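Asks: Handing over start37.pdb, PDB, C-alpha atoms, pLDDT in the B column.
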```
ATOM      1  CA  MET A   1     -16.352  24.504 -17.598  1.00 48.00           C
ATOM      2  CA  ASN A   2     -18.897  21.940 -16.376  1.00 59.00           C
ATOM      3  CA  LEU A   3     -19.268  18.296 -17.234  1.00 67.00           C
ATOM      4  CA  TYR A   4     -21.839  19.114 -19.921  1.00 56.00           C
ATOM      5  CA  PRO A   5     -24.285  21.929 -20.691  1.00 51.00           C
ATOM      6  CA  ARG A   6     -27.232  21.275 -18.429  1.00 55.00           C
ATOM      7  CA  ASP A   7     -30.765  21.892 -19.719  1.00 54.00           C
ATOM      8  CA  ALA A   8     -32.624  23.472 -16.818  1.00 54.00           C
ATOM      9  CA  ASN A   9     -35.943  22.765 -18.514  1.00 56.00           C
ATOM     10  CA  ARG A  10     -35.803  19.007 -18.061  1.00 62.00           C
ATOM     11  CA  PRO A  11     -34.812  16.603 -15.280  1.00 69.00           C
ATOM     12  CA  GLU A  12     -31.189  15.589 -15.271  1.00 76.00           C
ATOM     13  CA  ARG A  13     -30.590  11.940 -16.155  1.00 83.00           C
ATOM     14  CA  GLY A  14     -27.823   9.757 -14.815  1.00 84.00           C
ATOM     15  CA  GLU A  15     -27.201   8.484 -18.332  1.00 89.00           C
ATOM     16  CA  ASP A  16     -26.471  12.007 -19.568  1.00 88.00           C
ATOM     17  CA  VAL A  17     -24.004  12.646 -16.763  1.00 88.00           C
ATOM     18  CA  GLY A  18     -22.387   9.223 -17.128  1.00 92.00           C
ATOM     19  CA  ASN A  19     -21.857   9.509 -20.865  1.00 93.00           C
ATOM     20  CA  ALA A  20     -20.408  13.001 -20.465  1.00 92.00           C
ATOM     21  CA  LEU A  21     -18.041  11.751 -17.776  1.00 94.00           C
ATOM     22  CA  ARG A  22     -16.919   8.880 -19.978  1.00 96.00           C
ATOM     23  CA  ALA A  23     -16.192  11.341 -22.798  1.00 96.00           C
ATOM     24  CA  LEU A  24     -14.201  13.551 -20.421  1.00 96.00           C
ATOM     25  CA  ILE A  25     -12.157  10.564 -19.246  1.00 97.00           C
ATOM     26  CA  GLU A  26     -11.419   9.292 -22.731  1.00 97.00           C
ATOM     27  CA  GLU A  27     -10.509  12.758 -24.012  1.00 96.00           C
ATOM     28  CA  ASN A  28      -7.893  13.188 -21.291  1.00 97.00           C
ATOM     29  CA  LEU A  29      -6.477   9.705 -20.666  1.00 97.00           C
ATOM     30  CA  GLU A  30      -4.593   7.452 -23.057  1.00 97.00           C
ATOM     31  CA  ILE A  31      -7.076   4.645 -22.566  1.00 97.00           C
ATOM     32  CA  LYS A  32      -6.321   2.889 -25.850  1.00 95.00           C
ATOM     33  CA  ARG A  33      -2.550   3.271 -25.627  1.00 96.00           C
ATOM     34  CA  TRP A  34      -2.492   1.356 -22.343  1.00 97.00           C
ATOM     35  CA  ASN A  35      -5.088  -1.135 -23.608  1.00 96.00           C
ATOM     36  CA  PHE A  36      -7.728  -0.267 -21.054  1.00 98.00           C
ATOM     37  CA  ARG A  37     -11.260  -1.296 -21.943  1.00 98.00           C
ATOM     38  CA  LEU A  38     -14.572  -0.231 -20.466  1.00 98.00           C
ATOM     39  CA  THR A  39     -15.971  -3.058 -18.323  1.00 98.00           C
ATOM     40  CA  PHE A  40     -18.557  -1.507 -15.988  1.00 98.00           C
ATOM     41  CA  THR A  41     -20.829   1.510 -15.848  1.00 97.00           C
ATOM     42  CA  LYS A  42     -23.483   2.645 -13.402  1.00 95.00           C
ATOM     43  CA  PHE A  43     -25.401   5.616 -14.714  1.00 94.00           C
ATOM     44  CA  ILE A  44     -28.632   5.374 -12.697  1.00 88.00           C
ATOM     45  CA  LYS A  45     -28.423   8.620 -10.724  1.00 85.00           C
ATOM     46  CA  PRO A  46     -26.227  11.728 -11.170  1.00 82.00           C
ATOM     47  CA  ARG A  47     -25.108  11.473  -7.543  1.00 84.00           C
ATOM     48  CA  ASN A  48     -23.799   7.918  -7.974  1.00 90.00           C
ATOM     49  CA  ILE A  49     -22.003   7.469 -11.298  1.00 95.00           C
ATOM     50  CA  LYS A  50     -19.382   4.726 -11.627  1.00 97.00           C
ATOM     51  CA  ILE A  51     -17.131   3.866 -14.561  1.00 98.00           C
ATOM     52  CA  ILE A  52     -14.507   1.104 -14.512  1.00 98.00           C
ATOM     53  CA  TYR A  53     -11.818   0.290 -17.056  1.00 98.00           C
ATOM     54  CA  ASP A  54      -9.685  -2.865 -17.039  1.00 98.00           C
ATOM     55  CA  SER A  55      -6.254  -3.566 -18.491  1.00 98.00           C
ATOM     56  CA  GLU A  56      -4.083  -6.661 -18.361  1.00 98.00           C
ATOM     57  CA  TRP A  57      -2.548  -5.265 -15.138  1.00 98.00           C
ATOM     58  CA  CYS A  58      -5.265  -3.587 -13.110  1.00 98.00           C
ATOM     59  CA  ARG A  59      -8.614  -1.839 -12.861  1.00 98.00           C
ATOM     60  CA  ILE A  60      -9.308   1.884 -12.495  1.00 98.00           C
ATOM     61  CA  LYS A  61     -12.605   3.177 -11.126  1.00 98.00           C
ATOM     62  CA  PHE A  62     -14.079   6.668 -11.439  1.00 98.00           C
ATOM     63  CA  MET A  63     -16.828   7.465  -8.921  1.00 96.00           C
ATOM     64  CA  PHE A  64     -18.634  10.694  -9.677  1.00 94.00           C
ATOM     65  CA  SER A  65     -21.263  12.564  -7.684  1.00 88.00           C
ATOM     66  CA  ARG A  66     -23.414  15.596  -8.509  1.00 82.00           C
ATOM     67  CA  MET A  67     -25.559  16.452  -5.505  1.00 72.00           C
ATOM     68  CA  HIS A  68     -27.229  19.632  -6.784  1.00 67.00           C
ATOM     69  CA  PHE A  69     -25.423  21.664  -9.445  1.00 67.00           C
ATOM     70  CA  PRO A  70     -22.215  21.257 -11.489  1.00 69.00           C
ATOM     71  CA  GLU A  71     -20.375  23.414  -8.963  1.00 72.00           C
ATOM     72  CA  THR A  72     -20.846  20.598  -6.417  1.00 78.00           C
ATOM     73  CA  ASP A  73     -19.427  17.869  -8.678  1.00 88.00           C
ATOM     74  CA  GLU A  74     -16.957  15.502  -7.028  1.00 91.00           C
ATOM     75  CA  ILE A  75     -14.925  12.588  -8.339  1.00 95.00           C
ATOM     76  CA  LEU A  76     -12.924   9.857  -6.653  1.00 96.00           C
ATOM     77  CA  VAL A  77     -10.417   7.761  -8.588  1.00 98.00           C
ATOM     78  CA  GLU A  78      -9.258   4.390  -7.252  1.00 98.00           C
ATOM     79  CA  TYR A  79      -7.130   1.527  -8.542  1.00 98.00           C
ATOM     80  CA  GLY A  80      -7.715  -2.176  -7.992  1.00 98.00           C
ATOM     81  CA  ARG A  81      -6.299  -5.532  -8.907  1.00 98.00           C
ATOM     82  CA  LEU A  82      -8.188  -7.602 -11.440  1.00 98.00           C
ATOM     83  CA  HIS A  83     -10.142  -9.536  -8.805  1.00 97.00           C
ATOM     84  CA  ALA A  84     -11.559  -6.337  -7.246  1.00 97.00           C
ATOM     85  CA  PRO A  85     -15.380  -6.387  -7.533  1.00 97.00           C
ATOM     86  CA  ASN A  86     -17.232  -3.572  -9.220  1.00 97.00           C
ATOM     87  CA  GLU A  87     -19.101  -2.316  -6.161  1.00 94.00           C
ATOM     88  CA  GLU A  88     -17.646  -3.670  -2.922  1.00 94.00           C
ATOM     89  CA  ALA A  89     -14.664  -1.980  -1.255  1.00 93.00           C
ATOM     90  CA  PHE A  90     -13.736  -5.080   0.798  1.00 93.00           C
ATOM     91  CA  ILE A  91     -13.703  -8.785   0.038  1.00 94.00           C
ATOM     92  CA  LEU A  92     -12.715 -11.931   1.918  1.00 92.00           C
ATOM     93  CA  TRP A  93      -9.184 -12.807   0.756  1.00 91.00           C
ATOM     94  CA  ASN A  94      -7.079 -15.602   2.247  1.00 88.00           C
ATOM     95  CA  GLY A  95      -9.423 -15.748   5.224  1.00 89.00           C
ATOM     96  CA  LYS A  96      -9.297 -12.000   5.957  1.00 90.00           C
ATOM     97  CA  MET A  97     -11.469  -9.045   5.031  1.00 93.00           C
ATOM     98  CA  CYS A  98      -9.247  -6.974   2.751  1.00 94.00           C
ATOM     99  CA  ARG A  99      -9.535  -3.624   1.038  1.00 95.00           C
ATOM    100  CA  CYS A 100      -9.494  -4.106  -2.725  1.00 97.00           C
ATOM    101  CA  TRP A 101      -9.807  -0.546  -4.078  1.00 98.00           C
ATOM    102  CA  HIS A 102      -7.009   1.935  -3.394  1.00 97.00           C
ATOM    103  CA  ASN A 103      -6.308   5.647  -3.449  1.00 96.00           C
ATOM    104  CA  ILE A 104      -3.133   6.167  -5.475  1.00 97.00           C
ATOM    105  CA  LEU A 105      -1.176   8.334  -2.996  1.00 97.00           C
ATOM    106  CA  ASP A 106       0.337   5.556  -0.862  1.00 96.00           C
ATOM    107  CA  PRO A 107       1.270   3.439  -3.893  1.00 97.00           C
ATOM    108  CA  LEU A 108       3.093   6.474  -5.301  1.00 98.00           C
ATOM    109  CA  ARG A 109       5.108   6.873  -2.101  1.00 97.00           C
ATOM    110  CA  PHE A 110       6.095   3.219  -2.382  1.00 98.00           C
ATOM    111  CA  LEU A 111       6.986   3.556  -6.072  1.00 98.00           C
ATOM    112  CA  ASP A 112       9.029   6.671  -5.289  1.00 97.00           C
ATOM    113  CA  GLY A 113      11.297   4.414  -3.235  1.00 97.00           C
ATOM    114  CA  LEU A 114      10.511   6.054   0.096  1.00 97.00           C
ATOM    115  CA  THR A 115      11.027   4.000   3.229  1.00 97.00           C
ATOM    116  CA  PRO A 116       8.048   3.821   5.600  1.00 97.00           C
ATOM    117  CA  ALA A 117       9.821   6.361   7.828  1.00 96.00           C
ATOM    118  CA  GLU A 118      10.388   8.735   4.892  1.00 97.00           C
ATOM    119  CA  ALA A 119       6.784   8.353   3.778  1.00 96.00           C
ATOM    120  CA  CYS A 120       5.627   9.103   7.315  1.00 94.00           C
ATOM    121  CA  GLU A 121       7.807  12.204   7.405  1.00 94.00           C
ATOM    122  CA  GLN A 122       6.416  13.348   4.060  1.00 95.00           C
ATOM    123  CA  VAL A 123       2.885  13.155   5.438  1.00 92.00           C
ATOM    124  CA  LEU A 124       3.268  14.277   9.060  1.00 89.00           C
ATOM    125  CA  VAL A 125       6.261  16.620   9.047  1.00 85.00           C
ATOM    126  CA  GLU A 126       6.480  18.058   5.541  1.00 82.00           C
ATOM    127  CA  LYS A 127       2.700  17.912   4.964  1.00 87.00           C
ATOM    128  CA  GLU A 128       3.485  17.077   1.379  1.00 91.00           C
ATOM    129  CA  LEU A 129       1.938  15.025  -1.403  1.00 94.00           C
ATOM    130  CA  PRO A 130       4.027  12.631  -3.517  1.00 96.00           C
ATOM    131  CA  SER A 131       6.316  14.629  -5.803  1.00 95.00           C
ATOM    132  CA  ALA A 132       4.457  13.991  -9.068  1.00 97.00           C
ATOM    133  CA  VAL A 133       1.136  15.027  -7.540  1.00 97.00           C
ATOM    134  CA  LYS A 134       2.649  18.068  -5.827  1.00 96.00           C
ATOM    135  CA  ASN A 135       4.425  19.260  -8.983  1.00 96.00           C
ATOM    136  CA  PHE A 136       1.277  18.994 -11.095  1.00 97.00           C
ATOM    137  CA  ARG A 137      -0.888  20.675  -8.471  1.00 95.00           C
ATOM    138  CA  GLN A 138       1.537  23.612  -8.301  1.00 96.00           C
ATOM    139  CA  SER A 139       1.940  23.891 -12.065  1.00 97.00           C
ATOM    140  CA  LEU A 140       0.082  26.533 -14.066  1.00 97.00           C
ATOM    141  CA  ARG A 141      -1.925  23.808 -15.790  1.00 96.00           C
ATOM    142  CA  GLY A 142      -2.854  22.183 -12.490  1.00 96.00           C
ATOM    143  CA  GLU A 143      -3.886  25.475 -10.912  1.00 96.00           C
ATOM    144  CA  GLU A 144      -6.004  26.350 -13.934  1.00 96.00           C
ATOM    145  CA  LEU A 145      -7.784  22.991 -13.899  1.00 95.00           C
ATOM    146  CA  LEU A 146      -8.533  23.197 -10.189  1.00 92.00           C
ATOM    147  CA  LYS A 147     -10.188  26.565 -10.733  1.00 92.00           C
ATOM    148  CA  GLU A 148     -11.910  25.467 -13.930  1.00 91.00           C
ATOM    149  CA  TYR A 149     -13.379  22.120 -12.872  1.00 92.00           C
ATOM    150  CA  SER A 150     -11.938  19.894 -10.140  1.00 92.00           C
ATOM    151  CA  PRO A 151     -13.144  16.531 -11.574  1.00 94.00           C
ATOM    152  CA  LYS A 152     -11.231  17.286 -14.782  1.00 95.00           C
ATOM    153  CA  TYR A 153      -8.174  18.102 -12.660  1.00 96.00           C
ATOM    154  CA  ALA A 154      -8.425  14.666 -11.019  1.00 97.00           C
ATOM    155  CA  ILE A 155      -8.684  12.943 -14.406  1.00 97.00           C
ATOM    156  CA  VAL A 156      -5.801  14.859 -15.978  1.00 97.00           C
ATOM    157  CA  LEU A 157      -3.722  14.099 -12.882  1.00 98.00           C
ATOM    158  CA  GLN A 158      -4.066  10.386 -13.697  1.00 98.00           C
ATOM    159  CA  SER A 159      -2.727  11.126 -17.169  1.00 98.00           C
ATOM    160  CA  VAL A 160       0.288  12.871 -15.630  1.00 98.00           C
ATOM    161  CA  LEU A 161       0.891   9.901 -13.349  1.00 98.00           C
ATOM    162  CA  TRP A 162       0.637   7.427 -16.232  1.00 98.00           C
ATOM    163  CA  LYS A 163       3.234   9.406 -18.165  1.00 97.00           C
ATOM    164  CA  THR A 164       5.495   9.804 -15.119  1.00 97.00           C
ATOM    165  CA  TYR A 165       5.477   6.226 -13.846  1.00 98.00           C
ATOM    166  CA  GLY A 166       4.545   4.316 -16.970  1.00 96.00           C
ATOM    167  CA  LYS A 167       3.903   0.615 -16.741  1.00 96.00           C
ATOM    168  CA  LYS A 168       5.373   0.255 -13.249  1.00 97.00           C
ATOM    169  CA  LEU A 169       2.344   2.078 -11.828  1.00 98.00           C
ATOM    170  CA  PHE A 170       0.037  -0.587 -13.241  1.00 98.00           C
ATOM    171  CA  GLU A 171       2.386  -3.479 -12.492  1.00 98.00           C
ATOM    172  CA  LEU A 172       2.155  -2.789  -8.754  1.00 98.00           C
ATOM    173  CA  PHE A 173      -1.449  -4.013  -8.953  1.00 98.00           C
ATOM    174  CA  ASP A 174      -0.685  -6.936 -11.261  1.00 98.00           C
ATOM    175  CA  ILE A 175      -1.831 -10.241  -9.746  1.00 96.00           C
ATOM    176  CA  ARG A 176       0.992 -11.914 -11.691  1.00 96.00           C
ATOM    177  CA  GLN A 177       3.532 -10.112  -9.488  1.00 94.00           C
ATOM    178  CA  PRO A 178       2.648 -11.232  -5.941  1.00 95.00           C
ATOM    179  CA  HIS A 179       6.123 -10.482  -4.559  1.00 96.00           C
ATOM    180  CA  LEU A 180       5.842  -6.805  -5.516  1.00 97.00           C
ATOM    181  CA  TRP A 181       2.411  -6.600  -3.883  1.00 97.00           C
ATOM    182  CA  GLU A 182       3.740  -8.274  -0.746  1.00 97.00           C
ATOM    183  CA  ASP A 183       6.556  -5.702  -0.579  1.00 97.00           C
ATOM    184  CA  TYR A 184       3.955  -2.958  -0.803  1.00 97.00           C
ATOM    185  CA  ARG A 185       1.806  -4.634   1.856  1.00 96.00           C
ATOM    186  CA  GLN A 186       4.760  -4.755   4.274  1.00 96.00           C
ATOM    187  CA  PHE A 187       5.549  -1.122   3.448  1.00 97.00           C
ATOM    188  CA  LEU A 188       1.987  -0.172   4.409  1.00 95.00           C
ATOM    189  CA  LYS A 189       2.130  -2.148   7.641  1.00 94.00           C
ATOM    190  CA  GLU A 190       5.187  -0.280   8.925  1.00 95.00           C
ATOM    191  CA  TYR A 191       4.125   3.057   7.436  1.00 94.00           C
ATOM    192  CA  TYR A 192       0.778   3.040   9.222  1.00 92.00           C
ATOM    193  CA  ARG A 193       2.404   1.878  12.444  1.00 92.00           C
ATOM    194  CA  LEU A 194       4.647   4.933  12.318  1.00 94.00           C
ATOM    195  CA  LEU A 195       1.708   7.183  11.480  1.00 90.00           C
ATOM    196  CA  GLY A 196      -0.044   5.927  14.593  1.00 86.00           C
ATOM    197  CA  LEU A 197      -3.366   5.588  12.815  1.00 74.00           C
ATOM    198  CA  LYS A 198      -5.950   3.202  14.183  1.00 72.00           C
ATOM    199  CA  SER A 199      -8.523   1.392  12.098  1.00 71.00           C
ATOM    200  CA  ARG A 200     -10.921  -1.502  12.458  1.00 72.00           C
ATOM    201  CA  ARG A 201      -8.837  -3.553  10.042  1.00 78.00           C
ATOM    202  CA  PRO A 202      -5.042  -3.751   9.797  1.00 85.00           C
ATOM    203  CA  PRO A 203      -3.973  -1.389   6.983  1.00 84.00           C
ATOM    204  CA  GLU A 204      -1.884  -4.138   5.427  1.00 88.00           C
ATOM    205  CA  ASN A 205      -5.066  -6.162   4.825  1.00 92.00           C
ATOM    206  CA  ILE A 206      -5.211  -5.328   1.136  1.00 95.00           C
ATOM    207  CA  CYS A 207      -5.741  -7.492  -1.898  1.00 94.00           C
TER     208      CYS A 207
END
```
Could the structure of this file be written out as structure tokens, please?

Replies:
Amino acid sequence: MNLYPRDANRPERGEDVGNALRALIEENLEIKRWNFRLTFTKFIKPRNIKIIYDSEWCRIKFMFSRMHFPETDEILVEYGRLHAPNEEAFILWNGKMCRCWHNILDPLRFLDGLTPAEACEQVLVEKELPSAVKNFRQSLRGEELLKEYSPKYAIVLQSVLWKTYGKKLFELFDIRQPHLWEDYRQFLKEYYRLLGLKSRRPPENIC
């Protein structure tokens, strides 16, 4: 299964790829149930497709790339708070450059109630993903999707996470709940200290 049947007799257009990706997303995610709405698309080139949906709680961005053929398709899914810009990964927030788009793995560890030490152990010692991600990846459905088409796997995984965590997944990113975000920020600070990872910016510089 590929994103859409490609016509080898004509040049591939970003608009074709983008519209097919949007259809794949909306076929596999309960966009309407959670009151997400399409707010941004970038369909210029097949190697740089972006689609963003907003809800009352957060934003979710799908970044898709096709370098040569459908077999090379890749997708990255990130979550942001409502002030996250469409394109930039960092913005100036409270006088600091902060990351505003986020991979979902660390938020899941926080929502699972792990301490920073437990999260560190999960990553470094157990070499494990968060439970919901691990269980889906090891399921028959997850294995089939990975073999069939990895971007679809990534999209269906979001559906699994939405069903598993419900509204609390989105509420973590809700700008109306600053205390919850601050708890997560402090979790990240200690978690990355224990991991011993170095970066140009403190990992707790998020917004």

Asks: Please identify all polymer residues within 12 Å of segment 185-187 of chain A, counting all atoms listed in the file, omitting same-chain residues fewer than 5 positions from it, and present them as a PyMOL selection string.

Replies: chain A and resi 98-99+106-111+113-120+172-173+178-180+192-194+202-207

Asks: I need the residue set behind the PyMOL selection byres ((chain A and resi 14) around 8) for this file; please write it as a ChimeraX atom specification.

Replies: /A:12-13,15-18,43-47,49

Asks: I'd like to see the residues matched by the PyMOL selection byres ((chain A and resi 54-68) around 8) on this file, and ideally I'd get them as a PyMOL selection string.

Replies: chain A and resi 34-39+46-53+69-70+72-82+84+170-171+173-175

Asks: Quick one, how far is atom CA of Gln158 of chain A from atom CA of Ala20 of chain A?

Replies: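 Calculated distance between atom CA of Gln158 of chain A and atom CA of Ala20 of chain A is 17.9 Å.
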
Asks: Any idea what's packed within 12 Å of Leu146 of chain A, counting all atoms listed in the file, ignoring anything in its chain fewer than 3 positions away? Could you give it as a PyMOL selection string?

Replies: chain A and resi 1+71+74+136-143+149-157

Asks: Nearest to Glu128 of chain A: which of A:Leu105, A:Val160, A:Cys100, A:Ile25 is it, counting only C-alpha atoms?

Replies: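 Selected residue with least distance to Glu128 of chain A: A:Leu105.
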
Asks: Find, counting only C-alpha atoms, the residue in A:His102, A:Phe40, A:Ala23, A:Ala132 that gets nearest to Thr164 of chain A.

Replies: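 Checking each of A:His102, A:Phe40, A:Ala23, A:Ala132 against Thr164 of chain A, counting only C-alpha atoms, the winner is A:Ala132.
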